[in-house]
$ cat coords31.cif   # mmCIF, C-alpha atoms
data_upload
#
loop_
_atom_site.label_atom_id
_atom_site.label_comp_id
_atom_site.auth_asym_id
_atom_site.auth_seq_id
_atom_site.Cartn_x
_atom_site.Cartn_y
_atom_site.Cartn_z
CA MET A 1 46.90 -31.24 -48.68
CA ARG A 2 43.84 -30.39 -46.63
CA ASP A 3 42.63 -26.86 -45.94
CA PHE A 4 44.48 -25.52 -42.89
CA LYS A 5 41.15 -24.37 -41.41
CA ASP A 6 40.29 -28.04 -40.85
CA HIS A 7 42.77 -27.86 -37.95
CA LEU A 8 41.04 -24.88 -36.30
CA ILE A 9 38.23 -24.90 -33.78
CA LYS A 10 36.62 -21.95 -32.04
CA ARG A 11 36.64 -21.62 -28.27
CA GLY A 12 33.27 -22.05 -26.61
CA LEU A 13 32.44 -25.27 -28.45
CA GLY A 14 31.90 -28.48 -26.52
CA ILE A 15 34.58 -31.15 -26.45
CA LYS A 16 32.31 -33.50 -28.40
CA SER A 17 32.65 -31.18 -31.43
CA ALA A 18 36.42 -31.35 -31.08
CA LEU A 19 36.39 -35.14 -30.91
CA ALA A 20 34.37 -35.29 -34.12
CA LYS A 21 36.94 -33.07 -35.90
CA LEU A 22 39.86 -35.06 -34.49
CA ASN A 23 38.26 -38.24 -35.79
CA ILE A 24 38.04 -36.79 -39.30
CA LEU A 25 41.68 -35.63 -39.17
CA ALA A 26 42.74 -39.22 -38.39
CA GLY A 27 46.58 -39.40 -38.67
CA ASP A 28 46.80 -35.60 -38.54
CA ALA A 29 44.70 -35.41 -35.38
CA ILE A 30 45.58 -32.09 -33.79
CA LEU A 31 43.40 -29.00 -33.43
CA PHE A 32 44.32 -25.42 -32.66
CA VAL A 33 41.81 -23.56 -30.57
CA VAL A 34 41.27 -19.94 -31.61
CA ASP A 35 39.11 -17.05 -30.46
CA GLU A 36 36.63 -15.09 -32.55
CA GLN A 37 39.48 -13.20 -34.27
CA ASN A 38 41.33 -16.44 -35.05
CA LYS A 39 43.96 -15.71 -32.39
CA LEU A 40 45.79 -18.81 -31.23
CA LEU A 41 44.84 -19.97 -27.72
CA GLY A 42 46.22 -23.50 -27.58
CA SER A 43 46.43 -26.96 -29.11
CA LEU A 44 44.25 -30.00 -28.58
CA THR A 45 44.90 -33.70 -29.24
CA ASP A 46 43.20 -36.96 -28.29
CA GLY A 47 45.70 -37.21 -25.43
CA ASP A 48 44.69 -33.80 -24.11
CA VAL A 49 41.06 -34.92 -24.06
CA ARG A 50 41.91 -38.10 -22.17
CA ARG A 51 43.97 -36.17 -19.63
CA GLY A 52 41.14 -33.70 -19.15
CA LEU A 53 38.61 -36.46 -18.54
CA LEU A 54 40.93 -38.02 -15.96
CA LYS A 55 40.95 -34.64 -14.22
CA ASN A 56 37.15 -34.82 -13.91
CA LEU A 57 36.30 -32.68 -16.89
CA ASP A 58 33.39 -34.12 -18.86
CA MET A 59 31.68 -33.91 -22.24
CA GLU A 60 29.90 -30.71 -21.20
CA ASN A 61 33.15 -28.81 -20.77
CA LYS A 62 34.42 -26.45 -23.47
CA VAL A 63 37.40 -27.14 -25.70
CA GLU A 64 39.52 -24.38 -24.16
CA GLU A 65 39.43 -26.22 -20.82
CA PHE A 66 41.36 -29.15 -22.34
CA ILE A 67 44.04 -27.33 -24.35
CA GLN A 68 47.77 -27.12 -24.06
CA PRO A 69 48.48 -23.36 -23.92
CA GLU A 70 51.33 -21.73 -25.86
CA PRO A 71 51.88 -24.49 -28.45
CA LYS A 72 54.87 -24.44 -30.77
CA HIS A 73 54.17 -22.09 -33.64
CA ILE A 74 55.86 -20.06 -36.37
CA LYS A 75 55.55 -16.29 -36.73
CA LYS A 76 55.09 -15.44 -40.38
CA GLY A 77 57.91 -13.25 -41.71
CA ASN A 78 59.83 -13.55 -38.44
CA TYR A 79 61.42 -16.97 -38.11
CA SER A 80 64.64 -18.70 -39.07
CA LEU A 81 65.34 -21.84 -41.04
CA ASP A 82 67.26 -23.14 -38.01
CA TYR A 83 64.02 -22.96 -36.00
CA VAL A 84 62.13 -24.90 -38.69
CA ILE A 85 64.84 -27.58 -38.81
CA LYS A 86 64.76 -27.81 -35.00
CA LEU A 87 60.99 -28.34 -35.02
CA LYS A 88 61.34 -31.11 -37.59
CA SER A 89 64.15 -32.76 -35.63
CA GLN A 90 61.95 -32.75 -32.51
CA ASN A 91 59.26 -34.55 -34.54
CA PHE A 92 56.75 -31.71 -34.59
CA LYS A 93 54.69 -32.48 -37.69
CA ILE A 94 51.79 -30.02 -37.70
CA ILE A 95 52.46 -26.42 -36.70
CA PRO A 96 50.33 -23.27 -36.82
CA VAL A 97 51.63 -20.12 -38.49
CA VAL A 98 50.54 -16.84 -36.90
CA ASN A 99 50.83 -13.22 -37.99
CA ASP A 100 52.00 -10.31 -35.82
CA ARG A 101 48.53 -10.20 -34.20
CA ASN A 102 48.80 -13.88 -33.22
CA GLU A 103 46.06 -14.80 -35.71
CA VAL A 104 46.44 -18.21 -37.34
CA VAL A 105 47.04 -17.69 -41.07
CA ASN A 106 48.22 -21.20 -41.97
CA VAL A 107 48.89 -24.65 -40.56
CA ILE A 108 51.86 -26.50 -42.05
CA ASN A 109 52.20 -30.25 -42.14
CA PHE A 110 55.66 -31.76 -42.48
CA ARG A 111 54.17 -35.01 -43.66
CA PHE A 112 53.66 -33.18 -46.95
CA LEU A 113 56.23 -30.38 -46.84
CA LYS A 114 60.01 -30.74 -47.09
CA SER A 115 60.59 -27.45 -45.26
CA TYR A 116 59.06 -24.05 -44.54
CA LEU A 117 61.42 -21.55 -46.10
CA PRO A 118 61.29 -17.88 -45.08
CA PHE A 119 61.27 -16.20 -48.46
CA ASP A 120 58.97 -14.84 -51.14
CA ALA A 121 59.12 -16.33 -54.63
CA VAL A 122 58.99 -14.20 -57.78
CA ILE A 123 58.37 -16.04 -61.06
CA MET A 124 59.33 -14.10 -64.18
CA ALA A 125 56.66 -15.03 -66.74
CA GLY A 126 56.40 -12.07 -69.09
CA GLY A 127 58.45 -13.34 -72.04
CA ARG A 128 57.18 -13.90 -75.58
CA GLY A 129 58.63 -17.41 -76.01
CA SER A 130 59.24 -16.78 -79.71
CA ARG A 131 61.57 -19.77 -80.12
CA LEU A 132 58.65 -22.05 -79.30
CA ARG A 133 56.36 -20.72 -82.00
CA PRO A 134 53.82 -21.73 -83.18
CA LEU A 135 53.01 -23.21 -79.73
CA THR A 136 53.27 -19.75 -78.17
CA ASP A 137 51.28 -17.84 -80.81
CA LYS A 138 48.08 -18.16 -78.79
CA MET A 139 49.34 -19.40 -75.43
CA PRO A 140 52.10 -18.01 -73.18
CA LYS A 141 55.07 -20.32 -72.74
CA PRO A 142 54.59 -20.78 -68.95
CA LEU A 143 51.20 -22.42 -69.62
CA LEU A 144 52.55 -25.01 -72.07
CA LYS A 145 52.04 -28.43 -70.55
CA VAL A 146 54.89 -30.74 -69.62
CA GLY A 147 53.22 -34.02 -68.80
CA ASP A 148 49.93 -33.27 -67.10
CA LYS A 149 50.78 -29.79 -65.76
CA SER A 150 51.94 -26.47 -67.16
CA ILE A 151 55.58 -25.45 -66.80
CA ILE A 152 54.73 -22.69 -64.33
CA GLU A 153 52.56 -25.02 -62.23
CA HIS A 154 55.43 -27.49 -61.94
CA ASN A 155 57.52 -24.63 -60.55
CA ILE A 156 54.84 -23.41 -58.17
CA ASP A 157 54.06 -26.88 -56.81
CA HIS A 158 57.76 -27.65 -56.29
CA LEU A 159 58.23 -24.38 -54.39
CA ILE A 160 55.10 -25.10 -52.33
CA SER A 161 56.62 -28.44 -51.30
CA PHE A 162 59.33 -26.40 -49.53
CA GLY A 163 56.71 -24.38 -47.68
CA ILE A 164 56.83 -21.26 -49.84
CA ASP A 165 53.39 -19.68 -49.78
CA ASP A 166 53.95 -16.07 -50.93
CA PHE A 167 54.22 -15.77 -54.72
CA TRP A 168 54.61 -12.91 -57.18
CA ILE A 169 54.35 -13.47 -60.94
CA SER A 170 55.48 -10.91 -63.50
CA LEU A 171 53.29 -10.82 -66.61
CA ASN A 172 53.30 -9.28 -70.07
CA TYR A 173 52.65 -11.40 -73.19
CA LEU A 174 49.22 -13.07 -72.89
CA GLY A 175 49.51 -12.61 -69.14
CA ASP A 176 45.76 -12.61 -68.63
CA GLN A 177 45.75 -16.30 -69.51
CA ILE A 178 48.27 -17.01 -66.74
CA GLU A 179 46.31 -14.95 -64.20
CA ASN A 180 43.06 -16.69 -65.15
CA ALA A 181 44.68 -20.13 -64.91
CA LEU A 182 46.34 -19.63 -61.52
CA GLY A 183 44.00 -17.15 -59.82
CA ASN A 184 44.95 -15.92 -56.36
CA GLY A 185 46.45 -19.27 -55.31
CA SER A 186 43.74 -20.11 -52.78
CA ASP A 187 43.09 -23.51 -54.36
CA LYS A 188 46.71 -24.41 -53.52
CA GLY A 189 46.64 -22.79 -50.08
CA VAL A 190 49.04 -20.00 -51.09
CA GLU A 191 48.88 -16.32 -52.03
CA ILE A 192 49.65 -15.31 -55.62
CA ASN A 193 50.01 -11.67 -56.63
CA TYR A 194 50.72 -10.33 -60.12
CA VAL A 195 52.99 -7.63 -61.49
CA TRP A 196 52.30 -6.35 -64.99
CA GLU A 197 54.98 -5.05 -67.35
CA SER A 198 53.56 -2.56 -69.84
CA GLU A 199 56.75 -3.17 -71.83
CA PRO A 200 59.56 -5.73 -71.35
CA LEU A 201 61.76 -4.87 -68.35
CA GLY A 202 64.47 -7.52 -68.73
CA THR A 203 65.05 -10.62 -66.66
CA ILE A 204 64.65 -8.91 -63.29
CA GLY A 205 63.40 -5.35 -63.87
CA ALA A 206 59.77 -6.14 -63.03
CA VAL A 207 60.79 -6.88 -59.42
CA SER A 208 61.06 -3.10 -58.90
CA LYS A 209 57.26 -2.94 -59.17
CA ILE A 210 56.70 -5.08 -56.07
CA LYS A 211 55.87 -2.79 -53.18
CA LYS A 212 56.15 -5.08 -50.16
CA PHE A 213 57.64 -8.51 -49.58
CA HIS A 214 56.70 -10.65 -46.59
CA HIS A 215 60.22 -11.92 -45.88
CA ASP A 216 63.83 -10.73 -45.77
CA TYR A 217 64.87 -13.03 -48.61
CA VAL A 218 63.49 -13.25 -52.12
CA LEU A 219 63.80 -16.11 -54.60
CA ILE A 220 63.56 -15.16 -58.27
CA ILE A 221 63.13 -17.84 -60.93
CA ASN A 222 62.56 -17.83 -64.68
CA SER A 223 59.20 -19.38 -65.50
CA ASP A 224 60.62 -21.58 -68.28
CA VAL A 225 63.00 -23.47 -65.99
CA LEU A 226 62.09 -27.04 -65.01
CA THR A 227 64.05 -28.18 -61.98
CA THR A 228 64.06 -30.45 -58.94
CA LEU A 229 66.44 -28.12 -57.06
CA ASP A 230 66.51 -28.66 -53.29
CA TYR A 231 65.60 -25.14 -52.17
CA GLU A 232 66.42 -25.85 -48.53
CA ASP A 233 70.00 -26.79 -49.47
CA PHE A 234 70.14 -23.68 -51.66
CA PHE A 235 69.13 -21.49 -48.72
CA LEU A 236 71.38 -23.24 -46.19
CA ASP A 237 74.37 -22.67 -48.48
CA PHE A 238 73.34 -19.00 -48.83
CA LEU A 239 73.24 -18.59 -45.04
CA GLU A 240 76.42 -20.55 -44.36
CA LYS A 241 78.42 -18.42 -46.81
CA GLU A 242 76.80 -15.18 -45.61
CA ALA A 243 75.90 -14.29 -49.17
CA ASP A 244 74.08 -11.24 -50.47
CA MET A 245 73.00 -13.05 -53.62
CA SER A 246 73.32 -16.65 -54.74
CA VAL A 247 72.93 -17.91 -58.29
CA ALA A 248 72.03 -21.53 -58.98
CA THR A 249 74.54 -22.57 -61.60
CA ILE A 250 74.79 -25.41 -64.08
CA PRO A 251 78.18 -27.13 -64.43
CA TYR A 252 79.44 -27.73 -67.96
CA SER A 253 82.49 -29.85 -68.66
CA VAL A 254 84.69 -29.17 -71.68
CA ASN A 255 87.14 -31.85 -72.79
CA ILE A 256 90.09 -30.68 -74.87
CA PRO A 257 91.36 -33.57 -77.03
CA TYR A 258 94.86 -32.08 -77.32
CA ALA A 259 97.61 -30.86 -75.05
CA VAL A 260 97.05 -27.27 -73.90
CA PHE A 261 100.09 -25.04 -73.50
CA GLU A 262 100.52 -22.18 -71.08
CA THR A 263 102.91 -19.63 -72.57
CA TRP A 264 104.61 -16.41 -71.60
CA ASN A 265 106.34 -14.30 -74.24
CA HIS A 266 106.06 -17.29 -76.63
CA HIS A 267 107.84 -19.56 -74.14
CA VAL A 268 105.98 -22.67 -72.98
CA VAL A 269 105.99 -22.60 -69.20
CA SER A 270 103.72 -25.65 -68.70
CA PHE A 271 101.18 -27.78 -70.45
CA LYS A 272 98.30 -30.11 -69.69
CA GLU A 273 97.60 -33.22 -71.71
CA LYS A 274 93.95 -33.42 -72.85
CA PRO A 275 92.62 -31.38 -69.92
CA ASN A 276 89.04 -31.19 -68.71
CA TYR A 277 87.62 -27.81 -67.66
CA THR A 278 84.41 -27.20 -65.75
CA TYR A 279 82.51 -23.95 -66.19
CA TYR A 280 79.39 -22.78 -64.40
CA SER A 281 76.49 -21.18 -66.26
CA ASN A 282 73.60 -19.08 -64.99
CA GLY A 283 70.61 -21.31 -64.17
CA GLY A 284 68.03 -18.53 -63.95
CA ILE A 285 67.37 -19.06 -60.22
CA TYR A 286 68.47 -16.40 -57.73
CA LEU A 287 68.25 -15.93 -53.97
CA ILE A 288 68.73 -12.34 -52.84
CA LYS A 289 68.55 -10.30 -49.66
CA LYS A 290 65.47 -8.14 -49.92
CA GLU A 291 67.20 -4.83 -49.26
CA LEU A 292 69.45 -5.26 -52.30
CA LEU A 293 66.45 -5.29 -54.62
CA LYS A 294 66.22 -1.52 -54.06
CA ARG A 295 69.10 -1.25 -56.52
CA ILE A 296 66.85 -2.31 -59.38
CA PRO A 297 65.80 0.92 -61.15
CA LYS A 298 62.05 1.44 -61.46
CA ASP A 299 60.37 0.96 -64.83
CA THR A 300 63.72 0.41 -66.53
CA PHE A 301 64.97 -2.50 -68.61
CA PHE A 302 67.28 -4.34 -66.22
CA ASN A 303 68.72 -7.84 -66.33
CA SER A 304 69.83 -10.08 -63.49
CA THR A 305 73.37 -9.78 -64.84
CA ASP A 306 73.14 -5.99 -64.36
CA LEU A 307 72.39 -6.55 -60.69
CA MET A 308 75.26 -9.04 -60.41
CA GLU A 309 77.69 -6.55 -61.91
CA ASP A 310 76.49 -3.90 -59.48
CA LEU A 311 76.99 -6.22 -56.51
CA ILE A 312 80.49 -7.14 -57.63
CA ALA A 313 81.43 -3.51 -58.23
CA LYS A 314 80.21 -2.46 -54.78
CA GLY A 315 81.85 -5.31 -52.89
CA ASN A 316 78.75 -7.35 -52.05
CA LYS A 317 79.03 -11.11 -51.78
CA LEU A 318 77.75 -12.87 -54.90
CA ILE A 319 78.12 -16.66 -54.83
CA SER A 320 77.50 -19.63 -57.11
CA PHE A 321 75.51 -22.66 -56.02
CA PRO A 322 76.40 -25.56 -58.37
CA MET A 323 73.28 -27.64 -58.90
CA ARG A 324 73.29 -31.39 -58.44
CA GLN A 325 69.63 -31.91 -59.26
CA TYR A 326 67.75 -31.90 -62.55
CA TRP A 327 67.56 -28.63 -64.48
CA LEU A 328 66.29 -27.78 -67.95
CA ASP A 329 65.73 -24.42 -69.65
CA ILE A 330 62.71 -24.95 -71.92
CA GLY A 331 63.66 -22.35 -74.49
CA ARG A 332 63.64 -24.30 -77.75
CA MET A 333 61.43 -26.92 -79.31
CA GLU A 334 64.03 -29.65 -78.70
CA ASP A 335 64.09 -28.67 -74.99
CA PHE A 336 60.30 -28.82 -74.83
CA ASN A 337 60.33 -32.30 -76.39
CA LYS A 338 63.07 -33.41 -74.00
CA ALA A 339 61.02 -32.17 -71.04
CA GLN A 340 58.09 -34.36 -72.13
CA GLU A 341 60.31 -37.44 -71.79
CA ASP A 342 62.20 -36.32 -68.68
CA ILE A 343 59.05 -35.57 -66.68
CA LYS A 344 58.10 -39.25 -66.78
CA HIS A 345 61.11 -40.02 -64.58
CA LEU A 346 61.34 -36.97 -62.32
CA ASN A 347 60.32 -37.13 -58.68
CA PHE A 348 59.05 -33.69 -57.71
#
$ encode --input "coords31.cif" --output "structure tokens"
Amino acid sequence: MRDFKDHLIKRGLGIKSALAKLNILAGDAILFVVDEQNKLLGSLTDGDVRRGLLKNLDMENKVEEFIQPEPKHIKKGNYSLDYVIKLKSQNFKIIPVVNDRNEVVNVINFRFLKSYLPFDAVIMAGGRGSRLRPLTDKMPKPLLKVGDKSIIEHNIDHLISFGIDDFWISLNYLGDQIENALGNGSDKGVEINYVWESEPLGTIGAVSKIKKFHHDYVLIINSDVLTTLDYEDFFLDFLEKEADMSVATIPYSVNIPYAVFETWNHHVVSFKEKPNYTYYSNGGIYLIKKELLKRIPKDTFFNSTDLMEDLIAKGNKLISFPMRQYWLDIGRMEDFNKAQEDIKHLNF
């Protein structure tokens, strides 16, 4: 994807400058006119230029004289998924994102993005990865390559494809390598911040170190998971069921090759012949309302299952989201080898 600043043009420039930029943008030919503080003033397309010329404007006029004022836009941290879906359904492809001062901070392009989801993403990447030794003796597991990219980069890029642009990564073992590899995210057009664990804090404890999230919902994912999960479906299910926390779960079927009896006081009350049971296991991907993360104790070893137990005990709504897409926990050498084959056929 191109740099979002390619879609911006300052007021006061002549329309010829705008036409030159529109020509470079080709199929994405729309500009957003901003003032000196990058505040959004309006949008400009080839059609707007033609209409302006028909109204007796000429090549000496400034870009702001041709614009459409008050274009469709998204307010960062203050929008709904319904609004995003509505924009897509109305065929709006390229949309500016503004902050609370109306300054353009991003421009999203639905030719490349599947959605623009209103949540922060936290990637838990502090583990030792001891089951993958000796590969992890000198390199942290998240940086091990699957195909042509590291495991953590597969996760980040897949999340970016759903419009997530605010990332937090928890680090411990060889974390400096991860920070050096990913940087601040600017090369991917996103923001990456880091949280350091001086000692292991469990599967979710490091989240207590994050001072301020941008959104009301937070996605937490283990860094060693490889998945093609549809995060928009995940979020829509969360909203539809009015959940407080949703866990992406992996269905496992168990076939019993014999009849199974149900008994009471040694009496058989019923039986099933060779039944099949489906169980759902934790997939290491969680979507949570931001305010509930306050329940994670600071600087204390705390697992995601501890938070789940707390939610259940206090009557909050914890739900399961059975996954239909690809999922693999790369925890063992056989999983790592499987991932090398699977990635050849996955469509991220």
$ resolve_selection --input "coords31.cif" --expression "the PyMOL selection byres ((chain A and resi 180-195) around 7)" --output "PDB file with C-alpha atoms, in the coordinates of the input"
ATOM      1  CA  ASP A 165      53.390 -19.680 -49.780  1.00  0.00           C
ATOM      2  CA  ASP A 166      53.950 -16.070 -50.930  1.00  0.00           C
ATOM      3  CA  PHE A 167      54.220 -15.770 -54.720  1.00  0.00           C
ATOM      4  CA  TRP A 168      54.610 -12.910 -57.180  1.00  0.00           C
ATOM      5  CA  ILE A 169      54.350 -13.470 -60.940  1.00  0.00           C
ATOM      6  CA  SER A 170      55.480 -10.910 -63.500  1.00  0.00           C
ATOM      7  CA  LEU A 171      53.290 -10.820 -66.610  1.00  0.00           C
ATOM      8  CA  ASP A 176      45.760 -12.610 -68.630  1.00  0.00           C
ATOM      9  CA  GLN A 177      45.750 -16.300 -69.510  1.00  0.00           C
ATOM     10  CA  ILE A 178      48.270 -17.010 -66.740  1.00  0.00           C
ATOM     11  CA  GLU A 179      46.310 -14.950 -64.200  1.00  0.00           C
ATOM     12  CA  TRP A 196      52.300  -6.350 -64.990  1.00  0.00           C
ATOM     13  CA  GLU A 197      54.980  -5.050 -67.350  1.00  0.00           C
ATOM     14  CA  LYS A 209      57.260  -2.940 -59.170  1.00  0.00           C
TER      15      LYS A 209
END
$ resolve_selection --input "coords31.cif" --expression "the PyMOL selection byres ((chain A and resi 82) around 12)" --output "ChimeraX atom specification"
/A:74,79-81,83-89,115-118,232,235-236,239-240
$ write_last_selection --input "coords31.cif" --atoms "C-alpha atoms" --output "tab-separated table (two decimals), in the coordinates of the input"
chain	number	residue	atom	x	y	z
A	74	ILE	CA	55.86	-20.06	-36.37
A	79	TYR	CA	61.42	-16.97	-38.11
A	80	SER	CA	64.64	-18.70	-39.07
A	81	LEU	CA	65.34	-21.84	-41.04
A	83	TYR	CA	64.02	-22.96	-36.00
A	84	VAL	CA	62.13	-24.90	-38.69
A	85	ILE	CA	64.84	-27.58	-38.81
A	86	LYS	CA	64.76	-27.81	-35.00
A	87	LEU	CA	60.99	-28.34	-35.02
A	88	LYS	CA	61.34	-31.11	-37.59
A	89	SER	CA	64.15	-32.76	-35.63
A	115	SER	CA	60.59	-27.45	-45.26
A	116	TYR	CA	59.06	-24.05	-44.54
A	117	LEU	CA	61.42	-21.55	-46.10
A	118	PRO	CA	61.29	-17.88	-45.08
A	232	GLU	CA	66.42	-25.85	-48.53
A	235	PHE	CA	69.13	-21.49	-48.72
A	236	LEU	CA	71.38	-23.24	-46.19
A	239	LEU	CA	73.24	-18.59	-45.04
A	240	GLU	CA	76.42	-20.55	-44.36
$ residues_around --input "coords31.cif" --residues "A:Phe213" --least-positions-apart "3" --cutoff "10 Å" --atoms "only C-alpha atoms" --output "PyMOL selection string"
chain A and resi 77+119-121+166-168+210+216-218+290
$ write_last_selection --input "coords31.cif" --atoms "C-alpha atoms" --output "CSV table (one decimal), in the frame of the given file"
chain,number,residue,atom,x,y,z
A,77,GLY,CA,57.9,-13.2,-41.7
A,119,PHE,CA,61.3,-16.2,-48.5
A,120,ASP,CA,59.0,-14.8,-51.1
A,121,ALA,CA,59.1,-16.3,-54.6
A,166,ASP,CA,54.0,-16.1,-50.9
A,167,PHE,CA,54.2,-15.8,-54.7
A,168,TRP,CA,54.6,-12.9,-57.2
A,210,ILE,CA,56.7,-5.1,-56.1
A,216,ASP,CA,63.8,-10.7,-45.8
A,217,TYR,CA,64.9,-13.0,-48.6
A,218,VAL,CA,63.5,-13.2,-52.1
A,290,LYS,CA,65.5,-8.1,-49.9
$ closest_residue --input "coords31.cif" --among "A:Ile94, A:Ala125, A:Ile312, A:Ile288" --to "A:Asp244" --atoms "all atoms listed in the file"
A:Ile288
$ resolve_selection --input "coords31.cif" --expression "the PyMOL selection byres ((chain A and resi 129) around 10)" --output "JSON, numbers by chain"
{"A": [125, 126, 127, 128, 130, 131, 132, 133, 134, 135, 136, 137, 139, 140, 141, 142, 173, 224, 330, 331, 332]}
$ atom_distance --input "coords31.cif" --atom1 "atom CA of A:Gly205" --atom2 "atom CA of A:Gly284"
14.0 Å
$ closest_residue --input "coords31.cif" --among "A:Glu309, A:Ile221, A:Tyr280, A:Ile156" --to "A:Val254" --atoms "all atoms listed in the file"
A:Tyr280
$ atom_distance --input "coords31.cif" --atom1 "atom CA of A:Asn172" --atom2 "atom CA of A:Ser320"
29.3 Å
$ atom_distance --input "coords31.cif" --atom1 "atom CA of A:Phe162" --atom2 "atom CA of A:Tyr231"
6.9 Å
$ residues_near_point --input "coords31.cif" --point "(50.8, -32.1, -40.9)" --cutoff "10 Å" --atoms "all atoms listed in the file" --output "PDB file with C-alpha atoms, in the frame of the given file"
ATOM      1  CA  MET A   1      46.900 -31.240 -48.680  1.00  0.00           C
ATOM      2  CA  ARG A   2      43.840 -30.390 -46.630  1.00  0.00           C
ATOM      3  CA  PHE A   4      44.480 -25.520 -42.890  1.00  0.00           C
ATOM      4  CA  HIS A   7      42.770 -27.860 -37.950  1.00  0.00           C
ATOM      5  CA  LEU A  25      41.680 -35.630 -39.170  1.00  0.00           C
ATOM      6  CA  GLY A  27      46.580 -39.400 -38.670  1.00  0.00           C
ATOM      7  CA  ASP A  28      46.800 -35.600 -38.540  1.00  0.00           C
ATOM      8  CA  ALA A  29      44.700 -35.410 -35.380  1.00  0.00           C
ATOM      9  CA  ILE A  30      45.580 -32.090 -33.790  1.00  0.00           C
ATOM     10  CA  PHE A  92      56.750 -31.710 -34.590  1.00  0.00           C
ATOM     11  CA  LYS A  93      54.690 -32.480 -37.690  1.00  0.00           C
ATOM     12  CA  ILE A  94      51.790 -30.020 -37.700  1.00  0.00           C
ATOM     13  CA  ILE A  95      52.460 -26.420 -36.700  1.00  0.00           C
ATOM     14  CA  PRO A  96      50.330 -23.270 -36.820  1.00  0.00           C
ATOM     15  CA  VAL A 107      48.890 -24.650 -40.560  1.00  0.00           C
ATOM     16  CA  ILE A 108      51.860 -26.500 -42.050  1.00  0.00           C
ATOM     17  CA  ASN A 109      52.200 -30.250 -42.140  1.00  0.00           C
ATOM     18  CA  PHE A 110      55.660 -31.760 -42.480  1.00  0.00           C
ATOM     19  CA  ARG A 111      54.170 -35.010 -43.660  1.00  0.00           C
ATOM     20  CA  PHE A 112      53.660 -33.180 -46.950  1.00  0.00           C
ATOM     21  CA  LEU A 113      56.230 -30.380 -46.840  1.00  0.00           C
TER      22      LEU A 113
END
$ closest_residue --input "coords31.cif" --among "A:Leu226, A:Ile256, A:Leu57, A:Val105" --to "A:Gly147" --atoms "all atoms listed in the file"
A:Leu226
$ residues_around --input "coords31.cif" --residues "A:Phe261" --least-positions-apart "2" --cutoff "9 Å" --atoms "only C-alpha atoms" --output "PyMOL selection string"
chain A and resi 259+263+268-273
$ write_last_selection --input "coords31.cif" --atoms "C-alpha atoms" --output "PDB file, in the coordinates of the input"
ATOM      1  CA  ALA A 259      97.610 -30.860 -75.050  1.00  0.00           C
ATOM      2  CA  THR A 263     102.910 -19.630 -72.570  1.00  0.00           C
ATOM      3  CA  VAL A 268     105.980 -22.670 -72.980  1.00  0.00           C
ATOM      4  CA  VAL A 269     105.990 -22.600 -69.200  1.00  0.00           C
ATOM      5  CA  SER A 270     103.720 -25.650 -68.700  1.00  0.00           C
ATOM      6  CA  PHE A 271     101.180 -27.780 -70.450  1.00  0.00           C
ATOM      7  CA  LYS A 272      98.300 -30.110 -69.690  1.00  0.00           C
ATOM      8  CA  GLU A 273      97.600 -33.220 -71.710  1.00  0.00           C
TER       9      GLU A 273
END
$ closest_residue --input "coords31.cif" --among "A:Leu174, A:Lys338, A:Thr227, A:Ser304" --to "A:Asp157" --atoms "all atoms listed in the file"
A:Thr227
$ closest_residue --input "coords31.cif" --among "A:Asp46, A:Asn222, A:Phe66, A:Leu54" --to "A:Ile151" --atoms "only C-alpha atoms"
A:Asn222
